[in-house]
file my_file-v7.tsv (TSV, N, CA and C atoms)
chain	number	residue	atom	x	y	z
A	29	VAL	N	-51.12	46.65	-74.16
A	29	VAL	CA	-49.70	46.90	-74.05
A	29	VAL	C	-49.14	47.26	-75.42
A	30	ALA	N	-49.57	46.58	-76.47
A	30	ALA	CA	-49.05	46.83	-77.81
A	30	ALA	C	-49.28	48.28	-78.22
A	31	CYS	N	-50.45	48.82	-77.90
A	31	CYS	CA	-50.75	50.21	-78.27
A	31	CYS	C	-49.84	51.17	-77.53
A	32	SER	N	-49.66	50.94	-76.23
A	32	SER	CA	-48.84	51.86	-75.45
A	32	SER	C	-47.36	51.78	-75.82
A	33	LEU	N	-46.91	50.66	-76.38
A	33	LEU	CA	-45.53	50.53	-76.82
A	33	LEU	C	-45.34	51.05	-78.24
A	34	GLY	N	-46.43	51.41	-78.89
A	34	GLY	CA	-46.33	51.94	-80.23
A	34	GLY	C	-46.20	50.88	-81.31
A	35	VAL	N	-46.44	49.63	-80.97
A	35	VAL	CA	-46.32	48.57	-81.96
A	35	VAL	C	-47.68	48.11	-82.49
A	36	GLY	N	-48.72	48.75	-82.06
A	36	GLY	CA	-50.06	48.42	-82.54
A	36	GLY	C	-50.93	49.66	-82.49
A	37	GLU	N	-51.85	49.75	-83.40
A	37	GLU	CA	-52.73	50.92	-83.43
A	37	GLU	C	-54.09	50.64	-82.82
A	38	GLY	N	-54.40	49.41	-82.59
A	38	GLY	CA	-55.68	49.06	-82.01
A	38	GLY	C	-55.70	47.60	-81.63
A	39	ILE	N	-56.68	47.21	-80.85
A	39	ILE	CA	-56.86	45.83	-80.44
A	39	ILE	C	-58.32	45.46	-80.52
A	40	VAL	N	-58.57	44.18	-80.62
A	40	VAL	CA	-59.93	43.67	-80.53
A	40	VAL	C	-59.97	42.86	-79.23
A	41	ASP	N	-60.95	43.14	-78.39
A	41	ASP	CA	-61.00	42.49	-77.09
A	41	ASP	C	-62.44	42.10	-76.78
A	42	LEU	N	-62.58	41.02	-76.07
A	42	LEU	CA	-63.87	40.57	-75.58
A	42	LEU	C	-64.07	41.19	-74.21
A	43	VAL	N	-65.05	42.05	-74.08
A	43	VAL	CA	-65.28	42.74	-72.80
A	43	VAL	C	-66.72	42.57	-72.37
A	44	GLU	N	-66.91	42.61	-71.06
A	44	GLU	CA	-68.27	42.58	-70.52
A	44	GLU	C	-68.72	44.00	-70.21
A	45	SER	N	-67.92	44.71	-69.41
A	45	SER	CA	-68.31	46.07	-69.03
A	45	SER	C	-67.36	47.12	-69.57
A	46	GLY	N	-66.12	46.75	-69.90
A	46	GLY	CA	-65.13	47.71	-70.37
A	46	GLY	C	-64.32	48.35	-69.26
A	47	ASP	N	-64.58	47.98	-68.00
A	47	ASP	CA	-63.87	48.58	-66.87
A	47	ASP	C	-62.36	48.36	-66.94
A	48	THR	N	-61.94	47.14	-67.24
A	48	THR	CA	-60.50	46.85	-67.31
A	48	THR	C	-59.86	47.62	-68.45
A	49	MET	N	-60.53	47.68	-69.56
A	49	MET	CA	-60.02	48.42	-70.71
A	49	MET	C	-59.81	49.89	-70.35
A	50	ARG	N	-60.80	50.49	-69.72
A	50	ARG	CA	-60.68	51.90	-69.33
A	50	ARG	C	-59.62	52.11	-68.27
A	51	ALA	N	-59.42	51.12	-67.40
A	51	ALA	CA	-58.42	51.24	-66.33
A	51	ALA	C	-57.01	51.36	-66.88
A	52	VAL	N	-56.77	50.83	-68.08
A	52	VAL	CA	-55.44	50.95	-68.69
A	52	VAL	C	-55.40	52.04	-69.75
A	53	GLY	N	-56.40	52.91	-69.74
A	53	GLY	CA	-56.39	54.08	-70.61
A	53	GLY	C	-56.90	53.86	-72.02
A	54	LEU	N	-57.60	52.77	-72.26
A	54	LEU	CA	-58.15	52.50	-73.59
A	54	LEU	C	-59.63	52.82	-73.61
A	55	HIS	N	-60.16	53.03	-74.79
A	55	HIS	CA	-61.60	53.24	-74.93
A	55	HIS	C	-62.09	52.57	-76.21
A	56	ALA	N	-63.31	52.14	-76.18
A	56	ALA	CA	-63.90	51.47	-77.34
A	56	ALA	C	-64.20	52.50	-78.41
A	57	ILE	N	-63.88	52.15	-79.65
A	57	ILE	CA	-64.21	53.05	-80.76
A	57	ILE	C	-65.34	52.47	-81.60
A	58	GLY	N	-65.71	51.24	-81.30
A	58	GLY	CA	-66.82	50.63	-82.01
A	58	GLY	C	-67.06	49.22	-81.51
A	59	GLU	N	-68.24	48.72	-81.80
A	59	GLU	CA	-68.59	47.35	-81.41
A	59	GLU	C	-68.64	46.50	-82.66
A	60	ILE	N	-67.86	45.44	-82.67
A	60	ILE	CA	-67.83	44.53	-83.81
A	60	ILE	C	-69.05	43.62	-83.78
A	61	MET	N	-69.33	43.09	-82.60
A	61	MET	CA	-70.48	42.19	-82.44
A	61	MET	C	-70.79	42.04	-80.97
A	62	SER	N	-71.98	41.58	-80.67
A	62	SER	CA	-72.31	41.20	-79.30
A	62	SER	C	-72.60	39.71	-79.32
A	63	SER	N	-72.36	39.07	-78.19
A	63	SER	CA	-72.54	37.62	-78.14
A	63	SER	C	-73.13	37.23	-76.80
A	64	GLU	N	-73.48	35.98	-76.69
A	64	GLU	CA	-73.99	35.43	-75.45
A	64	GLU	C	-73.55	33.99	-75.31
A	65	ALA	N	-73.47	33.55	-74.09
A	65	ALA	CA	-73.13	32.16	-73.82
A	65	ALA	C	-74.42	31.34	-73.77
A	66	VAL	N	-74.40	30.17	-74.35
A	66	VAL	CA	-75.58	29.32	-74.40
A	66	VAL	C	-75.17	27.90	-74.02
A	67	LEU	N	-75.93	27.28	-73.14
A	67	LEU	CA	-75.71	25.88	-72.78
A	67	LEU	C	-76.69	25.04	-73.58
A	68	ILE	N	-76.15	24.14	-74.37
A	68	ILE	CA	-76.98	23.26	-75.20
A	68	ILE	C	-76.74	21.84	-74.74
A	69	ALA	N	-77.82	21.13	-74.44
A	69	ALA	CA	-77.69	19.74	-73.98
A	69	ALA	C	-78.44	18.82	-74.94
A	70	ASN	N	-77.85	17.71	-75.22
A	70	ASN	CA	-78.46	16.69	-76.04
A	70	ASN	C	-79.50	15.95	-75.19
A	71	LYS	N	-80.73	15.87	-75.66
A	71	LYS	CA	-81.80	15.22	-74.89
A	71	LYS	C	-81.50	13.75	-74.61
A	72	SER	N	-80.73	13.13	-75.45
A	72	SER	CA	-80.41	11.71	-75.24
A	72	SER	C	-79.00	11.53	-74.68
A	73	SER	N	-78.49	12.56	-74.02
A	73	SER	CA	-77.15	12.49	-73.42
A	73	SER	C	-77.10	11.42	-72.33
A	74	THR	N	-75.97	10.80	-72.21
A	74	THR	CA	-75.76	9.83	-71.12
A	74	THR	C	-75.23	10.54	-69.88
A	75	HIS	N	-75.09	11.85	-69.96
A	75	HIS	CA	-74.54	12.64	-68.84
A	75	HIS	C	-75.58	13.60	-68.28
A	76	LYS	N	-76.80	13.13	-68.12
A	76	LYS	CA	-77.89	14.00	-67.64
A	76	LYS	C	-77.60	14.62	-66.28
A	77	ASP	N	-76.96	13.88	-65.38
A	77	ASP	CA	-76.63	14.43	-64.07
A	77	ASP	C	-75.65	15.59	-64.18
A	78	LEU	N	-74.69	15.46	-65.06
A	78	LEU	CA	-73.71	16.53	-65.26
A	78	LEU	C	-74.37	17.76	-65.88
A	79	VAL	N	-75.24	17.57	-66.84
A	79	VAL	CA	-75.96	18.68	-67.46
A	79	VAL	C	-76.82	19.39	-66.41
A	80	LYS	N	-77.49	18.62	-65.55
A	80	LYS	CA	-78.32	19.19	-64.49
A	80	LYS	C	-77.45	20.00	-63.52
A	81	LEU	N	-76.29	19.47	-63.16
A	81	LEU	CA	-75.38	20.16	-62.25
A	81	LEU	C	-74.88	21.48	-62.85
A	82	ILE	N	-74.46	21.45	-64.10
A	82	ILE	CA	-73.97	22.67	-64.76
A	82	ILE	C	-75.09	23.69	-64.87
A	83	THR	N	-76.28	23.24	-65.25
A	83	THR	CA	-77.43	24.15	-65.37
A	83	THR	C	-77.73	24.81	-64.03
A	84	SER	N	-77.73	24.03	-62.96
A	84	SER	CA	-78.00	24.57	-61.63
A	84	SER	C	-76.95	25.61	-61.23
A	85	ARG	N	-75.69	25.34	-61.54
A	85	ARG	CA	-74.62	26.28	-61.20
A	85	ARG	C	-74.72	27.57	-62.00
A	86	VAL	N	-75.04	27.47	-63.27
A	86	VAL	CA	-75.19	28.67	-64.10
A	86	VAL	C	-76.38	29.49	-63.62
A	87	GLU	N	-77.52	28.82	-63.36
A	87	GLU	CA	-78.69	29.53	-62.85
A	87	GLU	C	-78.38	30.22	-61.53
A	88	GLY	N	-77.64	29.54	-60.65
A	88	GLY	CA	-77.26	30.13	-59.37
A	88	GLY	C	-76.41	31.37	-59.53
A	89	SER	N	-75.50	31.34	-60.48
A	89	SER	CA	-74.66	32.50	-60.75
A	89	SER	C	-75.47	33.67	-61.29
A	90	ILE	N	-76.41	33.37	-62.17
A	90	ILE	CA	-77.27	34.43	-62.74
A	90	ILE	C	-78.14	35.05	-61.64
A	91	ILE	N	-78.72	34.24	-60.79
A	91	ILE	CA	-79.53	34.76	-59.69
A	91	ILE	C	-78.69	35.64	-58.77
A	92	ALA	N	-77.47	35.19	-58.48
A	92	ALA	CA	-76.59	35.96	-57.59
A	92	ALA	C	-76.26	37.33	-58.15
A	93	LYS	N	-76.19	37.45	-59.46
A	93	LYS	CA	-75.89	38.75	-60.08
A	93	LYS	C	-77.11	39.67	-60.08
A	94	ARG	N	-78.29	39.09	-60.09
A	94	ARG	CA	-79.53	39.88	-60.19
A	94	ARG	C	-80.11	40.28	-58.84
A	95	TYR	N	-79.69	39.60	-57.77
A	95	TYR	CA	-80.29	39.84	-56.45
A	95	TYR	C	-79.24	40.22	-55.41
A	96	VAL	N	-79.69	40.88	-54.37
A	96	VAL	CA	-78.89	41.13	-53.17
A	96	VAL	C	-79.70	40.62	-51.98
A	97	MET	N	-79.00	40.40	-50.88
A	97	MET	CA	-79.67	39.97	-49.65
A	97	MET	C	-79.86	41.19	-48.75
A	98	VAL	N	-81.05	41.35	-48.24
A	98	VAL	CA	-81.37	42.45	-47.33
A	98	VAL	C	-81.74	41.84	-45.98
A	99	GLU	N	-81.12	42.35	-44.92
A	99	GLU	CA	-81.46	41.92	-43.56
A	99	GLU	C	-81.82	43.16	-42.75
A	100	TYR	N	-82.80	43.00	-41.89
A	100	TYR	CA	-83.21	44.12	-41.04
A	100	TYR	C	-83.96	43.60	-39.82
A	101	ASN	N	-84.09	44.48	-38.83
A	101	ASN	CA	-84.86	44.19	-37.63
A	101	ASN	C	-86.14	45.01	-37.69
A	102	LEU	N	-87.18	44.47	-37.06
A	102	LEU	CA	-88.50	45.09	-37.19
A	102	LEU	C	-89.37	44.68	-36.02
A	103	ASP	N	-90.19	45.59	-35.54
A	103	ASP	CA	-91.21	45.25	-34.55
A	103	ASP	C	-92.21	44.33	-35.25
A	104	ARG	N	-92.55	43.22	-34.62
A	104	ARG	CA	-93.40	42.22	-35.25
A	104	ARG	C	-94.71	42.81	-35.79
A	105	GLU	N	-95.25	43.81	-35.13
A	105	GLU	CA	-96.53	44.38	-35.59
A	105	GLU	C	-96.40	45.03	-36.98
A	106	ASN	N	-95.17	45.40	-37.39
A	106	ASN	CA	-94.96	45.99	-38.71
A	106	ASN	C	-94.61	44.97	-39.79
A	107	LEU	N	-94.55	43.70	-39.41
A	107	LEU	CA	-94.14	42.66	-40.34
A	107	LEU	C	-95.03	42.55	-41.59
A	108	PRO	N	-96.34	42.60	-41.48
A	108	PRO	CA	-97.16	42.51	-42.70
A	108	PRO	C	-96.84	43.62	-43.71
A	109	LYS	N	-96.59	44.84	-43.22
A	109	LYS	CA	-96.24	45.94	-44.14
A	109	LYS	C	-94.92	45.65	-44.84
A	110	ALA	N	-93.93	45.18	-44.07
A	110	ALA	CA	-92.61	44.92	-44.63
A	110	ALA	C	-92.64	43.78	-45.65
A	111	VAL	N	-93.38	42.72	-45.34
A	111	VAL	CA	-93.47	41.58	-46.25
A	111	VAL	C	-94.18	41.99	-47.54
A	112	ALA	N	-95.13	42.90	-47.45
A	112	ALA	CA	-95.80	43.40	-48.65
A	112	ALA	C	-94.83	44.18	-49.54
A	113	ILE	N	-93.82	44.79	-48.95
A	113	ILE	CA	-92.82	45.55	-49.71
A	113	ILE	C	-91.80	44.61	-50.35
A	114	ALA	N	-91.34	43.63	-49.58
A	114	ALA	CA	-90.31	42.71	-50.07
A	114	ALA	C	-90.57	41.33	-49.51
A	115	SER	N	-91.13	40.46	-50.34
A	115	SER	CA	-91.48	39.12	-49.87
A	115	SER	C	-90.45	38.06	-50.25
A	116	GLY	N	-89.44	38.44	-51.02
A	116	GLY	CA	-88.41	37.48	-51.40
A	116	GLY	C	-88.83	36.64	-52.58
A	117	MET	N	-87.97	35.69	-52.93
A	117	MET	CA	-88.27	34.82	-54.07
A	117	MET	C	-89.42	33.87	-53.75
A	118	ARG	N	-89.45	33.37	-52.52
A	118	ARG	CA	-90.56	32.51	-52.08
A	118	ARG	C	-91.24	33.14	-50.87
A	119	SER	N	-90.44	33.42	-49.86
A	119	SER	CA	-90.92	34.12	-48.67
A	119	SER	C	-89.70	34.56	-47.88
A	120	PRO	N	-89.86	35.54	-47.01
A	120	PRO	CA	-88.72	35.99	-46.21
A	120	PRO	C	-88.37	34.97	-45.12
A	121	THR	N	-87.13	35.01	-44.67
A	121	THR	CA	-86.72	34.23	-43.51
A	121	THR	C	-86.92	35.13	-42.29
A	122	ILE	N	-87.68	34.67	-41.33
A	122	ILE	CA	-88.02	35.49	-40.16
A	122	ILE	C	-87.55	34.77	-38.91
A	123	SER	N	-86.76	35.46	-38.09
A	123	SER	CA	-86.27	34.91	-36.83
A	123	SER	C	-86.78	35.75	-35.68
A	124	GLN	N	-87.28	35.08	-34.65
A	124	GLN	CA	-87.81	35.77	-33.48
A	124	GLN	C	-86.67	36.38	-32.66
A	125	LEU	N	-86.82	37.63	-32.27
A	125	LEU	CA	-85.90	38.31	-31.37
A	125	LEU	C	-86.62	38.57	-30.05
A	126	GLU	N	-85.97	39.24	-29.15
A	126	GLU	CA	-86.60	39.56	-27.87
A	126	GLU	C	-87.51	40.77	-27.99
A	127	ASP	N	-88.41	40.92	-27.02
A	127	ASP	CA	-89.27	42.10	-26.87
A	127	ASP	C	-90.15	42.37	-28.10
A	128	GLY	N	-90.64	41.31	-28.76
A	128	GLY	CA	-91.58	41.49	-29.86
A	128	GLY	C	-90.96	41.88	-31.18
A	129	TRP	N	-89.65	41.78	-31.30
A	129	TRP	CA	-88.97	42.14	-32.54
A	129	TRP	C	-88.65	40.87	-33.33
A	130	VAL	N	-88.48	41.05	-34.64
A	130	VAL	CA	-88.06	39.96	-35.52
A	130	VAL	C	-86.90	40.43	-36.38
A	131	ALA	N	-86.08	39.48	-36.79
A	131	ALA	CA	-85.03	39.72	-37.78
A	131	ALA	C	-85.52	39.13	-39.09
A	132	VAL	N	-85.40	39.89	-40.16
A	132	VAL	CA	-85.92	39.46	-41.45
A	132	VAL	C	-84.77	39.43	-42.46
A	133	LYS	N	-84.75	38.38	-43.26
A	133	LYS	CA	-83.77	38.24	-44.33
A	133	LYS	C	-84.54	37.96	-45.60
A	134	VAL	N	-84.25	38.72	-46.67
A	134	VAL	CA	-85.00	38.57	-47.91
A	134	VAL	C	-84.13	38.93	-49.10
A	135	MET	N	-84.28	38.19	-50.20
A	135	MET	CA	-83.59	38.51	-51.44
A	135	MET	C	-84.45	39.50	-52.22
A	136	VAL	N	-83.80	40.56	-52.74
A	136	VAL	CA	-84.50	41.54	-53.58
A	136	VAL	C	-83.68	41.78	-54.83
A	137	GLN	N	-84.36	42.19	-55.89
A	137	GLN	CA	-83.64	42.47	-57.13
A	137	GLN	C	-82.70	43.65	-56.92
A	138	ASN	N	-81.50	43.49	-57.41
A	138	ASN	CA	-80.45	44.48	-57.23
A	138	ASN	C	-80.88	45.88	-57.71
A	139	ASN	N	-81.54	45.94	-58.86
A	139	ASN	CA	-81.91	47.24	-59.43
A	139	ASN	C	-83.06	47.91	-58.69
A	140	GLU	N	-83.69	47.23	-57.73
A	140	GLU	CA	-84.77	47.82	-56.94
A	140	GLU	C	-84.39	48.01	-55.48
A	141	ALA	N	-83.15	47.65	-55.13
A	141	ALA	CA	-82.75	47.60	-53.72
A	141	ALA	C	-82.90	48.93	-53.01
A	142	ASN	N	-82.42	50.02	-53.57
A	142	ASN	CA	-82.48	51.30	-52.86
A	142	ASN	C	-83.91	51.75	-52.59
A	143	THR	N	-84.78	51.59	-53.55
A	143	THR	CA	-86.19	51.95	-53.35
A	143	THR	C	-86.82	51.08	-52.27
A	144	ILE	N	-86.52	49.79	-52.29
A	144	ILE	CA	-87.06	48.88	-51.29
A	144	ILE	C	-86.54	49.23	-49.90
A	145	LEU	N	-85.25	49.57	-49.79
A	145	LEU	CA	-84.70	49.97	-48.49
A	145	LEU	C	-85.43	51.19	-47.94
A	146	ASP	N	-85.67	52.17	-48.79
A	146	ASP	CA	-86.40	53.37	-48.35
A	146	ASP	C	-87.79	53.01	-47.85
A	147	ARG	N	-88.47	52.15	-48.58
A	147	ARG	CA	-89.82	51.77	-48.20
A	147	ARG	C	-89.83	50.94	-46.91
A	148	LEU	N	-88.83	50.06	-46.75
A	148	LEU	CA	-88.74	49.27	-45.52
A	148	LEU	C	-88.50	50.17	-44.32
A	149	LYS	N	-87.63	51.17	-44.47
A	149	LYS	CA	-87.37	52.11	-43.38
A	149	LYS	C	-88.65	52.85	-43.01
A	150	ASP	N	-89.40	53.29	-44.02
A	150	ASP	CA	-90.69	53.96	-43.77
A	150	ASP	C	-91.69	53.03	-43.07
A	151	ALA	N	-91.55	51.72	-43.28
A	151	ALA	CA	-92.45	50.74	-42.67
A	151	ALA	C	-91.99	50.34	-41.27
A	152	GLY	N	-90.88	50.92	-40.80
A	152	GLY	CA	-90.44	50.65	-39.44
A	152	GLY	C	-89.21	49.77	-39.30
A	153	ALA	N	-88.56	49.42	-40.41
A	153	ALA	CA	-87.37	48.58	-40.34
A	153	ALA	C	-86.19	49.37	-39.77
A	154	HIS	N	-85.35	48.68	-39.01
A	154	HIS	CA	-84.14	49.26	-38.41
A	154	HIS	C	-82.95	48.36	-38.75
A	155	ASP	N	-81.76	48.92	-38.62
A	155	ASP	CA	-80.52	48.14	-38.78
A	155	ASP	C	-80.49	47.40	-40.12
A	156	ILE	N	-80.86	48.10	-41.17
A	156	ILE	CA	-80.95	47.49	-42.51
A	156	ILE	C	-79.55	47.31	-43.08
A	157	VAL	N	-79.28	46.09	-43.53
A	157	VAL	CA	-77.99	45.75	-44.12
A	157	VAL	C	-78.23	45.07	-45.46
A	158	VAL	N	-77.41	45.42	-46.45
A	158	VAL	CA	-77.50	44.80	-47.77
A	158	VAL	C	-76.14	44.20	-48.11
A	159	TYR	N	-76.15	42.99	-48.64
A	159	TYR	CA	-74.87	42.41	-49.08
A	159	TYR	C	-75.07	41.58	-50.35
A	160	ASP	N	-73.96	41.44	-51.07
A	160	ASP	CA	-73.97	40.69	-52.32
A	160	ASP	C	-74.15	39.21	-52.06
A	161	ILE	N	-74.70	38.54	-53.03
A	161	ILE	CA	-74.85	37.09	-53.00
A	161	ILE	C	-73.80	36.52	-53.95
A	162	MET	N	-72.99	35.62	-53.45
A	162	MET	CA	-71.93	35.05	-54.28
A	162	MET	C	-72.46	33.97	-55.24
A	163	ASN	N	-73.41	33.20	-54.79
A	163	ASN	CA	-74.01	32.16	-55.60
A	163	ASN	C	-75.31	31.73	-54.96
A	164	SER	N	-76.09	30.94	-55.64
A	164	SER	CA	-77.40	30.56	-55.12
A	164	SER	C	-77.86	29.25	-55.76
A	165	ARG	N	-78.75	28.59	-55.13
A	165	ARG	CA	-79.44	27.43	-55.71
A	165	ARG	C	-80.91	27.57	-55.38
A	166	ARG	N	-81.76	27.18	-56.29
A	166	ARG	CA	-83.21	27.24	-56.06
A	166	ARG	C	-83.65	26.07	-55.25

call {"tool": "encode", "arguments": {"input": "my_file-v7.tsv", "output": "structure tokens"}}
result
Amino acid sequence: VACSLGVGEGIVDLVESGDTMRAVGLHAIGEIMSSEAVLIANKSSTHKDLVKLITSRVEGSIIAKRYVMVEYNLDRENLPKAVAIASGMRSPTISQLEDGWVAVKVMVQNNEANTILDRLKDAGAHDIVVYDIMNSRR
């Protein structure tokens, strides 16, 4: 706001992607520094349960940003091919449908999702749906 009112020539802002900055017509002219958030816990803390809870929540948030959920239907005979393409973090969730079909739900890395969808379709998957994960726990 200060720049657009003519009372400032520049600002320093903490940004992750810069989308908000660009949305108001600003652009970065340089990077002062990059930073990261770090959780440090005292090994002899009396709040071990709280540290464990915070750690679990942070890990869940990081996983949710890195993965998407993929759901699809498949003829059971094609299941081994599909699982070889996308087996999930541990294994896919498989639900029996009628007439020899199964519904499959699996987490895949976000940056590989489109390639995996193409390969699943080639392996016989139908009704493929992808959605964001809001949070997760291991």

call {"tool": "closest_residue", "arguments": {"input": "my_file-v7.tsv", "among": "A:Glu64, A:Asp77, A:Glu87, A:Glu59", "to": "A:Asn163", "atoms": "only N, CA and C atoms"}}
result
A:Glu87

call {"tool": "atom_distance", "arguments": {"input": "my_file-v7.tsv", "atom1": "atom CA of A:Ala114", "atom2": "atom C of A:Tyr95"}}
result
12.5 Å

call {"tool": "select_by_dssp", "arguments": {"input": "my_file-v7.tsv", "residues": "stretch 32-162 of chain A", "states": "strand (DSSP E or B)", "output": "ChimeraX atom specification"}}
result
/A:95-103,121-124,129-137,154-160

call {"tool": "atom_distance", "arguments": {"input": "my_file-v7.tsv", "atom1": "atom CA of A:Lys109", "atom2": "atom CA of A:Asp155"}}
result
16.8 Å

call {"tool": "atom_distance", "arguments": {"input": "my_file-v7.tsv", "atom1": "atom CA of A:Ala110", "atom2": "atom CA of A:Ala153"}}
result
7.7 Å

call {"tool": "closest_residue", "arguments": {"input": "my_file-v7.tsv", "among": "A:Glu99, A:Asp127, A:Glu105, A:Leu81", "to": "A:Ala141", "atoms": "only C-alpha atoms"}}
result
A:Glu99

call {"tool": "select_by_dssp", "arguments": {"input": "my_file-v7.tsv", "residues": "stretch 33-152 of chain A", "states": "alpha helix (DSSP H)", "output": "PyMOL selection string"}}
result
chain A and resi 47-51+76-94+107-113+141-150

call {"tool": "residues_near_point", "arguments": {"input": "my_file-v7.tsv", "point": "(-85.4, 43.3, -35.2)", "cutoff": "6.5 Å", "atoms": "only N, CA and C atoms", "output": "ChimeraX atom specification"}}
result
/A:100-103,125,129-132

call {"tool": "closest_residue", "arguments": {"input": "my_file-v7.tsv", "among": "A:Gly88, A:Gly152, A:Pro108, A:Gly116", "to": "A:Arg165", "atoms": "all atoms listed in the file"}}
result
A:Gly88

call {"tool": "residues_near_point", "arguments": {"input": "my_file-v7.tsv", "point": "(-79.6, 28.5, -52.3)", "cutoff": "12 Å", "atoms": "only C-alpha atoms", "output": "MDAnalysis selection string"}}
result
chainID A and resid 84:85 87:89 91:92 97 117:118 135 161:166

call {"tool": "closest_residue", "arguments": {"input": "my_file-v7.tsv", "among": "A:Ala56, A:Ala151, A:Asn142, A:Val158", "to": "A:Val111", "atoms": "only C-alpha atoms"}}
result
A:Ala151

call {"tool": "closest_residue", "arguments": {"input": "my_file-v7.tsv", "among": "A:Leu54, A:Asn139, A:Val98, A:Thr48", "to": "A:Thr121", "atoms": "only C-alpha atoms"}}
result
A:Val98

call {"tool": "closest_residue", "arguments": {"input": "my_file-v7.tsv", "among": "A:Ala51, A:Ala112, A:Ile82, A:Leu42", "to": "A:Ser63", "atoms": "only C-alpha atoms"}}
result
A:Leu42

call {"tool": "decode", "arguments": {"input": "my_file-v7.tsv", "residues": "stretch 111-140 of chain A", "atoms": "C-alpha atoms", "output": "CSV table (one decimal), in the first residue's frame"}}
result
chain,number,residue,atom,x,y,z
A,111,VAL,CA,-0.3,-51.5,-7.9
A,112,ALA,CA,3.1,-51.8,-9.6
A,113,ILE,CA,2.6,-48.2,-11.0
A,114,ALA,CA,1.3,-46.7,-7.7
A,115,SER,CA,1.6,-48.7,-4.5
A,116,GLY,CA,1.1,-45.8,-2.1
A,117,MET,CA,3.1,-45.0,1.0
A,118,ARG,CA,2.5,-48.4,2.5
A,119,SER,CA,-0.1,-50.1,0.2
A,120,PRO,CA,-3.2,-49.0,-1.7
A,121,THR,CA,-6.7,-49.2,-0.1
A,122,ILE,CA,-8.7,-51.6,-2.2
A,123,SER,CA,-12.5,-52.0,-1.9
A,124,GLN,CA,-14.4,-54.8,-3.7
A,125,LEU,CA,-17.1,-53.6,-6.2
A,126,GLU,CA,-19.5,-55.7,-8.2
A,127,ASP,CA,-18.8,-57.7,-11.3
A,128,GLY,CA,-15.1,-58.3,-10.6
A,129,TRP,CA,-14.2,-54.6,-10.2
A,130,VAL,CA,-12.3,-52.9,-7.4
A,131,ALA,CA,-12.0,-49.3,-6.2
A,132,VAL,CA,-8.5,-48.3,-5.4
A,133,LYS,CA,-7.3,-45.3,-3.3
A,134,VAL,CA,-3.6,-44.5,-3.2
A,135,MET,CA,-1.4,-41.5,-2.2
A,136,VAL,CA,1.1,-40.4,-4.9
A,137,GLN,CA,3.7,-37.7,-5.0
A,138,ASN,CA,2.2,-34.5,-6.3
A,139,ASN,CA,5.0,-33.9,-8.8
A,140,GLU,CA,4.5,-37.4,-10.4
